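Enquirer: Handing over input.cif, mmCIF, C-alpha atoms (C1' of nucleotides).
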data_model
loop_
_atom_site.label_atom_id
_atom_site.label_comp_id
_atom_site.auth_asym_id
_atom_site.auth_seq_id
_atom_site.Cartn_x
_atom_site.Cartn_y
_atom_site.Cartn_z
CA MET P 1 37.13 -93.94 62.09
CA ALA P 2 39.55 -94.76 59.34
CA SER P 3 41.67 -92.32 57.36
CA ARG P 4 40.42 -88.98 56.18
CA ASN P 5 40.71 -87.36 52.80
CA THR P 6 42.51 -84.19 53.69
CA VAL P 7 43.52 -81.65 51.10
CA GLN P 8 47.13 -82.05 52.23
CA ARG P 9 47.04 -85.78 51.59
CA GLN P 10 45.77 -85.20 48.08
CA ILE P 11 48.43 -82.55 47.49
CA VAL P 12 51.17 -84.97 48.54
CA PHE P 13 49.76 -87.72 46.35
CA ASP P 14 49.54 -85.36 43.38
CA ALA P 15 53.12 -84.23 43.95
CA VAL P 16 54.48 -87.78 43.85
CA ASN P 17 52.63 -88.35 40.61
CA ALA P 18 53.82 -85.07 39.16
CA LEU P 19 57.46 -85.64 40.09
CA ARG P 20 58.14 -88.82 38.20
CA THR P 21 61.84 -88.83 39.02
CA HIS P 22 61.99 -90.82 42.27
CA PRO P 23 61.76 -87.78 44.51
CA THR P 24 62.87 -87.69 48.11
CA ALA P 25 60.54 -86.40 50.82
CA GLU P 26 62.54 -83.19 50.82
CA GLU P 27 62.06 -82.72 47.07
CA ILE P 28 58.37 -83.44 47.39
CA TYR P 29 58.14 -80.91 50.19
CA GLU P 30 59.92 -78.27 48.11
CA HIS P 31 57.67 -78.93 45.13
CA ILE P 32 54.58 -78.61 47.27
CA HIS P 33 55.90 -75.56 49.07
CA ARG P 34 55.82 -73.45 45.91
CA SER P 35 52.07 -73.67 45.43
CA ALA P 36 51.04 -74.53 49.00
CA PRO P 37 53.53 -72.84 51.34
CA THR P 38 51.52 -73.58 54.47
CA VAL P 39 51.91 -77.36 54.23
CA GLY P 40 54.48 -78.44 56.80
CA LYS P 41 57.28 -80.88 56.28
CA ALA P 42 56.02 -83.26 58.96
CA THR P 43 52.71 -83.41 57.13
CA VAL P 44 54.50 -84.39 53.94
CA TYR P 45 56.38 -87.18 55.72
CA ARG P 46 53.25 -88.40 57.48
CA ASN P 47 51.19 -88.50 54.32
CA LEU P 48 53.92 -90.21 52.35
CA ALA P 49 53.88 -92.92 55.00
CA VAL P 50 50.11 -93.20 54.93
CA LEU P 51 49.98 -93.33 51.14
CA ALA P 52 52.71 -95.95 51.03
CA ALA P 53 50.99 -98.05 53.70
CA SER P 54 47.79 -98.03 51.67
CA GLY P 55 49.65 -98.96 48.50
CA ARG P 56 48.87 -95.79 46.58
CA ILE P 57 52.55 -94.96 46.22
CA ARG P 58 55.71 -96.92 46.86
CA HIS P 59 58.27 -96.14 49.54
CA VAL P 60 61.79 -97.17 48.57
CA GLU P 61 64.28 -97.17 51.39
CA VAL P 62 67.72 -96.08 50.28
CA PRO P 63 70.59 -96.79 52.66
CA ASN P 64 72.68 -93.74 53.49
CA SER P 65 70.56 -91.48 51.33
CA ALA P 66 67.15 -89.99 51.69
CA ASP P 67 64.41 -92.50 50.93
CA ILE P 68 62.57 -92.04 47.66
CA TYR P 69 58.90 -92.32 46.73
CA ASP P 70 57.67 -93.86 43.52
CA PHE P 71 54.36 -93.25 41.78
CA ASN P 72 54.94 -96.60 40.05
CA THR P 73 53.70 -99.21 42.48
CA ALA P 74 54.42 -102.13 40.16
CA ASP P 75 57.17 -104.43 41.39
CA HIS P 76 60.50 -103.25 40.03
CA ASP P 77 64.04 -102.76 41.29
CA HIS P 78 66.16 -99.63 41.45
CA VAL P 79 69.72 -98.56 40.76
CA GLN P 80 71.44 -95.79 42.66
CA CYS P 81 74.33 -93.95 41.04
CA VAL P 82 77.26 -93.81 43.44
CA SER P 83 78.37 -90.56 41.88
CA CYS P 84 75.29 -88.34 41.56
CA ARG P 85 73.25 -90.39 44.10
CA ARG P 86 70.19 -90.31 41.85
CA VAL P 87 67.93 -93.35 41.77
CA PHE P 88 66.75 -94.92 38.52
CA ASP P 89 64.50 -97.80 37.60
CA ALA P 90 66.49 -100.99 37.06
CA ASP P 91 64.94 -101.68 33.72
CA PHE P 92 68.04 -103.15 32.17
CA PRO P 93 67.70 -106.71 30.85
CA ALA P 94 68.01 -108.84 33.95
CA GLU P 95 66.32 -111.97 35.05
CA PRO P 96 64.33 -111.22 38.14
CA CYS P 97 65.35 -112.79 41.42
CA PRO P 98 63.65 -116.09 42.18
CA PRO P 99 60.48 -115.97 44.25
CA ILE P 100 60.72 -115.28 47.94
CA PRO P 101 61.57 -118.53 49.72
CA ALA P 102 59.94 -120.01 52.77
CA GLY P 103 62.38 -121.86 54.98
CA SER P 104 64.38 -122.04 58.16
CA GLY P 105 61.59 -120.82 60.37
CA PHE P 106 61.53 -117.30 58.98
CA ARG P 107 58.40 -115.74 57.60
CA ILE P 108 59.72 -113.68 54.74
CA LEU P 109 57.51 -110.70 53.97
CA SER P 110 59.42 -108.83 51.31
CA ARG P 111 62.67 -108.56 49.48
CA SER P 112 64.31 -105.35 48.34
CA VAL P 113 66.99 -105.34 45.71
CA LEU P 114 69.10 -102.26 45.19
CA TYR P 115 71.82 -102.03 42.59
CA THR P 116 74.59 -99.49 42.87
CA GLY P 117 76.79 -98.33 40.06
CA LEU P 118 77.30 -95.49 37.62
CA CYS P 119 74.41 -94.01 35.70
CA PRO P 120 74.90 -93.36 31.96
CA ASP P 121 75.64 -89.67 32.55
CA CYS P 122 78.27 -90.19 35.22
CA LEU P 123 79.79 -93.13 33.35
CA LYS P 124 80.25 -90.95 30.27
CA ARG P 125 81.70 -88.16 32.38
CA SER P 126 84.20 -90.50 34.02
CA GLN P 127 85.33 -91.77 30.63
CA ASN P 128 86.03 -88.25 29.37
CA LEU P 129 88.62 -87.53 32.05
CA MET J 130 102.00 -93.82 52.63
CA ALA J 131 99.31 -96.42 52.90
CA SER J 132 97.38 -97.44 55.97
CA ARG J 133 98.95 -97.98 59.37
CA ASN J 134 98.46 -100.83 61.77
CA THR J 135 97.21 -98.99 64.80
CA VAL J 136 96.24 -100.74 67.97
CA GLN J 137 92.77 -99.22 67.66
CA ARG J 138 92.28 -100.71 64.21
CA GLN J 139 93.20 -104.13 65.48
CA ILE J 140 90.86 -103.73 68.43
CA VAL J 141 87.99 -102.88 66.12
CA PHE J 142 88.78 -105.81 63.84
CA ASP J 143 88.95 -108.17 66.79
CA ALA J 144 85.65 -106.88 68.11
CA VAL J 145 83.85 -107.57 64.83
CA ASN J 146 85.24 -111.08 64.86
CA ALA J 147 84.31 -111.59 68.49
CA LEU J 148 80.75 -110.33 68.05
CA ARG J 149 79.45 -112.76 65.52
CA THR J 150 75.91 -111.46 65.66
CA HIS J 151 75.88 -108.73 62.99
CA PRO J 152 76.75 -105.93 65.38
CA THR J 153 76.06 -102.28 64.74
CA ALA J 154 78.81 -99.70 65.10
CA GLU J 155 77.27 -98.71 68.40
CA GLU J 156 77.37 -102.29 69.69
CA ILE J 157 80.96 -102.64 68.57
CA TYR J 158 81.83 -99.40 70.32
CA GLU J 159 80.19 -100.57 73.54
CA HIS J 160 81.98 -103.90 73.40
CA ILE J 161 85.31 -102.19 72.90
CA HIS J 162 84.62 -99.58 75.52
CA ARG J 163 84.60 -102.17 78.33
CA SER J 164 88.20 -103.21 77.85
CA ALA J 165 89.50 -100.12 76.08
CA PRO J 166 87.56 -97.12 77.38
CA THR J 167 89.79 -94.53 75.73
CA VAL J 168 88.88 -95.56 72.19
CA GLY J 169 86.51 -92.97 70.76
CA LYS J 170 83.36 -93.61 68.78
CA ALA J 171 84.62 -91.75 65.73
CA THR J 172 87.65 -94.01 65.71
CA VAL J 173 85.38 -97.05 65.69
CA TYR J 174 83.38 -95.69 62.76
CA ARG J 175 86.52 -94.73 60.86
CA ASN J 176 88.16 -98.09 61.32
CA LEU J 177 85.03 -99.98 60.41
CA ALA J 178 85.01 -98.03 57.16
CA VAL J 179 88.70 -98.70 56.54
CA LEU J 180 88.37 -102.40 57.30
CA ALA J 181 85.33 -102.70 55.06
CA ALA J 182 87.05 -100.85 52.22
CA SER J 183 89.98 -103.24 52.41
CA GLY J 184 87.67 -106.25 52.44
CA ARG J 185 88.62 -107.50 55.89
CA ILE J 186 85.07 -107.14 57.14
CA ARG J 187 81.78 -106.52 55.40
CA HIS J 188 79.66 -103.41 55.75
CA VAL J 189 75.95 -104.09 55.34
CA GLU J 190 73.78 -101.04 54.94
CA VAL J 191 70.41 -101.43 56.60
CA PRO J 192 67.72 -98.92 55.69
CA ASN J 193 66.11 -97.22 58.67
CA SER J 194 68.34 -99.05 61.11
CA ALA J 195 71.94 -98.76 62.09
CA ASP J 196 74.23 -100.42 59.56
CA ILE J 197 75.76 -103.71 60.59
CA TYR J 198 79.23 -105.19 60.17
CA ASP J 199 79.89 -108.80 59.31
CA PHE J 200 83.04 -110.81 59.98
CA ASN J 201 81.85 -113.14 57.22
CA THR J 202 83.02 -111.54 54.00
CA ALA J 203 81.67 -114.31 51.79
CA ASP J 204 78.82 -113.26 49.53
CA HIS J 205 75.54 -113.86 51.29
CA ASP J 206 72.26 -112.06 51.84
CA HIS J 207 70.57 -110.96 55.04
CA VAL J 208 67.13 -110.93 56.61
CA GLN J 209 65.99 -108.27 59.02
CA CYS J 210 63.21 -109.08 61.46
CA VAL J 211 60.58 -106.35 61.33
CA SER J 212 59.73 -107.03 64.96
CA CYS J 213 63.03 -107.23 66.85
CA ARG J 214 65.02 -105.47 64.12
CA ARG J 215 67.82 -108.03 64.39
CA VAL J 216 69.67 -109.05 61.26
CA PHE J 217 70.30 -112.69 60.33
CA ASP J 218 72.05 -114.50 57.54
CA ALA J 219 69.63 -115.46 54.78
CA ASP J 220 70.73 -119.05 54.73
CA PHE J 221 67.31 -120.47 53.98
CA PRO J 222 67.04 -122.56 50.83
CA ALA J 223 66.81 -119.98 48.07
CA GLU J 224 68.22 -119.79 44.63
CA PRO J 225 70.57 -116.87 44.48
CA CYS J 226 69.67 -113.91 42.32
CA PRO J 227 71.04 -114.10 38.78
CA PRO J 228 74.39 -112.46 38.06
CA ILE J 229 74.62 -108.71 37.92
CA PRO J 230 73.52 -107.59 34.49
CA ALA J 231 75.25 -105.17 32.16
CA GLY J 232 72.83 -103.15 30.14
CA SER J 233 71.16 -99.84 29.37
CA GLY J 234 74.31 -97.79 29.75
CA PHE J 235 74.68 -98.36 33.48
CA ARG J 236 77.83 -99.74 34.99
CA ILE J 237 76.51 -101.91 37.79
CA LEU J 238 78.99 -102.30 40.62
CA SER J 239 77.05 -104.22 43.22
CA ARG J 240 73.69 -105.51 44.24
CA SER J 241 72.38 -105.74 47.77
CA VAL J 242 69.47 -107.95 48.66
CA LEU J 243 67.72 -107.52 51.96
CA TYR J 244 64.80 -109.64 53.04
CA THR J 245 62.42 -108.47 55.70
CA GLY J 246 60.13 -110.66 57.72
CA LEU J 247 59.74 -112.34 61.05
CA CYS J 248 62.58 -114.24 62.65
CA PRO J 249 61.81 -117.66 64.19
CA ASP J 250 61.61 -116.19 67.71
CA CYS J 251 59.22 -113.40 66.86
CA LEU J 252 57.16 -115.65 64.59
CA LYS J 253 56.66 -118.10 67.42
CA ARG J 254 55.80 -115.29 69.80
CA SER J 255 53.19 -113.90 67.41
CA GLN J 256 51.58 -117.31 67.04
CA ASN J 257 51.21 -117.69 70.80
CA LEU J 258 48.99 -114.62 71.12
"C1'" DT E 259 116.57 -90.82 65.72
"C1'" DT E 260 114.31 -87.64 63.10
"C1'" DT E 261 110.72 -86.57 60.10
"C1'" DT E 262 106.49 -87.17 57.90
"C1'" DT E 263 101.81 -87.71 57.93
"C1'" DA E 264 98.08 -91.15 58.93
"C1'" DT E 265 95.45 -91.53 62.76
"C1'" DT E 266 93.35 -90.41 67.08
"C1'" DG E 267 89.89 -88.49 70.63
"C1'" DA E 268 86.63 -85.20 71.91
"C1'" DC E 269 83.19 -82.80 70.34
"C1'" DA E 270 80.43 -80.26 67.11
"C1'" DT E 271 77.73 -80.76 63.21
"C1'" DC E 272 74.98 -82.83 59.77
"C1'" DC E 273 71.05 -85.17 57.70
"C1'" DA E 274 66.81 -87.57 57.45
"C1'" DT E 275 63.18 -88.53 59.98
"C1'" DT E 276 60.10 -88.75 63.94
"C1'" DC E 277 57.98 -86.78 68.08
"C1'" DT E 278 55.19 -83.32 70.75
"C1'" DC E 279 51.19 -80.83 71.38
"C1'" DA E 280 47.82 -77.41 71.03
"C1'" DA E 281 44.87 -76.04 67.20
"C1'" DT E 282 42.16 -77.45 63.31
"C1'" DA E 283 38.99 -79.79 60.35
"C1'" DA E 284 36.92 -84.34 58.23
"C1'" DG E 285 32.94 -86.70 58.28
"C1'" DC E 286 29.85 -89.36 61.25
"C1'" DG E 287 25.29 -89.28 63.59
"C1'" DT E 288 21.36 -86.56 64.41
"C1'" DA M 289 22.75 -77.89 58.67
"C1'" DC M 290 24.99 -78.67 63.30
"C1'" DG M 291 27.62 -80.52 66.68
"C1'" DC M 292 30.82 -83.99 68.26
"C1'" DT M 293 34.53 -86.98 67.99
"C1'" DT M 294 39.01 -87.65 66.79
"C1'" DA M 295 42.23 -87.98 62.80
"C1'" DT M 296 45.12 -84.69 61.18
"C1'" DT M 297 47.76 -80.52 60.95
"C1'" DG M 298 51.83 -77.08 61.50
"C1'" DA M 299 55.79 -75.57 63.92
"C1'" DG M 300 59.48 -76.64 66.08
"C1'" DA M 301 62.11 -79.57 69.10
"C1'" DA M 302 64.19 -83.97 69.47
"C1'" DT M 303 66.14 -88.16 67.85
"C1'" DG M 304 69.52 -91.52 65.82
"C1'" DG M 305 73.14 -92.53 63.04
"C1'" DA M 306 77.00 -91.07 61.03
"C1'" DT M 307 80.56 -87.69 59.54
"C1'" DG M 308 83.42 -83.38 59.95
"C1'" DT M 309 86.92 -80.48 62.59
"C1'" DC M 310 91.29 -79.92 64.51
"C1'" DA M 311 95.06 -79.97 67.57
"C1'" DA M 312 97.64 -83.78 69.59
"C1'" DT M 313 99.64 -88.29 68.92
"C1'" DA M 314 102.08 -92.15 67.13
"C1'" DA M 315 103.27 -95.42 63.09
"C1'" DA M 316 106.87 -96.25 60.08
"C1'" DA M 317 109.87 -94.40 56.36
"C1'" DA M 318 114.31 -92.18 55.90
#
Step by step, read the file and then write its structure as C-alpha cells.
Expert:
Amino acid sequence: MASRNTVQRQIVFDAVNALRTHPTAEEIYEHIHRSAPTVGKATVYRNLAVLAASGRIRHVEVPNSADIYDFNTADHDHVQCVSCRRVFDADFPAEPCPPIPAGSGFRILSRSVLYTGLCPDCLKRSQNL
Amino acid sequence: MASRNTVQRQIVFDAVNALRTHPTAEEIYEHIHRSAPTVGKATVYRNLAVLAASGRIRHVEVPNSADIYDFNTADHDHVQCVSCRRVFDADFPAEPCPPIPAGSGFRILSRSVLYTGLCPDCLKRSQNL
DNA sequence: TTTTTATTGACATCCATTCTCAATAAGCGT
DNA sequence: ACGCTTATTGAGAATGGATGTCAATAAAAA
C-alpha cells in the first residue's frame, strides 16, 4: 500500500502554499497550530519530507539554519541574508551554473547553490549607521 | 589585543593539515585527543572557527551532516556521497559557475556549491547488487 | 615581572530534527 | 457497509552538532 491522503498531509501542503515566504518547519507548524492545534510537530516534519520526496513541494537545506520549504518546485537558487537569516529567491540577473557534469567516477544526482549576503533591507540598514 | 598563538590552536591547525580527508570537527577532536587528551572539544570548535575566519583553513558547511574543514583554502567545490556521506573535492571536469552577480539590491558575499551523488566506491557497490 | 585579557576546559544548554510506540484511521477487499 | 491491514498519527524522549557559561589559566604587552 502506497501513501495515504490524510487530512494532516493536506493541511501541511496547504500551509506551505499559503506561506509563500520560504517557511521553516517550525513556522509551518506554528501556522498550522492556530487552526489545527492537535497536529503534532513530528507530523509536520514527516509530511514535509513525504511531500518533498514526491515532488509536491521543495525542501531546501540551509546549513546552520533551519531548513526551508518552498511551494515553488521550479529549479531556482536561493540567497540567505547573513544578518536577518531570511531566505530569498536568487532571482537577480545571473547566468545559471553549467549543467551537472558526469566525470571522475561519480554519479552526480543534484547540485545545490546557496548564496549568502545582505538582503536589501539589511543592506540599507547597515548603510544608515 | 588580537589573537594569541596558543599551543591548542597550533594543534588544531596541524590536525586539519594532517587529516587531508575533509574531517569533521568530531574527527579532528578524536585525532587530537590521542596525543593531547586534555584538549577539550569546545576548544577544537573555537579554534576551527578562528582559523577559518582568518583564512588559514576552510570551513565547509554541509547540510544535514557535520560541517567539514579543509586544509585546501583554494576555491573549489565539493561532492557529498548520499550513501557513505563522505565529502570529496569536486574535481571532475566541470565549468565553474559564473561569477557572483550583483543585482536586485542584494549584496552577495559568497556562493557555496554542493553536489550530491554517489562516490566511485558506492557507485561500484550499487552496480554489483 | 606584573598586568591585562584572550583563551581554555568542563559542562550545560541550545536548536533542529528524528525516533519510539501505542493508538488511530485510510482505503483495500469482500 | 464492514472488517482488516498497515500507513500514519501525537506526544514526548532522544539524538547530533554546535554554542554558551564561567572560573581558571596563560599569552604577550607594558
Enquirer: Quick one: which residues from chain J are at most 10 Å off chain E, using all atoms listed in the file, as a PyMOL selection string?
Expert: chain J and resi 130-135+137-138+167-172+175-176+193
Enquirer: Using all atoms listed in the file, find the one residue out of J:Val208, J:Ile237, J:Ala203, J:Val216 that sits nearest to chain P.
Expert: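 Checking each of J:Val208, J:Ile237, J:Ala203, J:Val216 against chain P, counting all atoms listed in the file, the winner is J:Ile237.
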Enquirer: What does the PyMOL selection byres ((chain P) within 8 of (chain J)) select in this file, as a VMD selection string?
Expert: chain P and resid 61 to 64 91 to 98 100 to 120 123
Enquirer: Can you turn the PyMOL selection byres ((chain P and resi 57) around 6) into a concrete residue list for this file, as JSON, numbers by chain?
Expert: {"P": [51, 52, 55, 56, 58, 70, 71, 73]}
Enquirer: May I ask which of the residues M:DA301, M:DC290, M:DA311, M:DA306 is the closest one to chain J, counting only C-alpha atoms (C1' of nucleotides)?
Expert: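 Selected residue with least distance to chain J: M:DA306.
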Enquirer: Please identify every residue of chain M that has at least one atom no farther than 8 Å from an atom of chain P, counting all atoms listed in the file, and for each give the shortest atom pair and the distance in Å to one decimal, arranged by chain then increasing number, as CSV.
Expert:
residue,atom,partner,partner_atom,distance
M:DA295,C1',P:Arg4,CA,6.9
M:DT296,C1',P:Thr6,CA,7.9
M:DT297,C1',P:Thr43,CA,6.9
M:DG298,C1',P:Gly40,CA,5.6
M:DA299,C1',P:Gly40,CA,7.8
Enquirer: Evaluating the PyMOL selection byres ((chain J and resi 150-153) around 6) on the displayed file yields which residues, as JSON, numbers by chain?
Expert: {"J": [148, 149, 154, 155, 156, 196, 197, 198, 199]}
Enquirer: How many Å separate CA of Arg85 (chain P) from CA of Val12 (chain P)?
Expert: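 Spanning CA of Arg85 (chain P) to CA of Val12 (chain P) is a straight-line distance of 23.2 Å.
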Enquirer: One number please: CA of His33 (chain P) to CA of Leu48 (chain P), in Å, one decimal.
Expert: 15.1 Å
Enquirer: If you measure from CA of Pro166 (chain J) to CA of Ala178 (chain J), what distance in Å do you get, rounded to one decimal?
Expert: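 CA of Pro166 (chain J) sits 20.4 Å away from CA of Ala178 (chain J).
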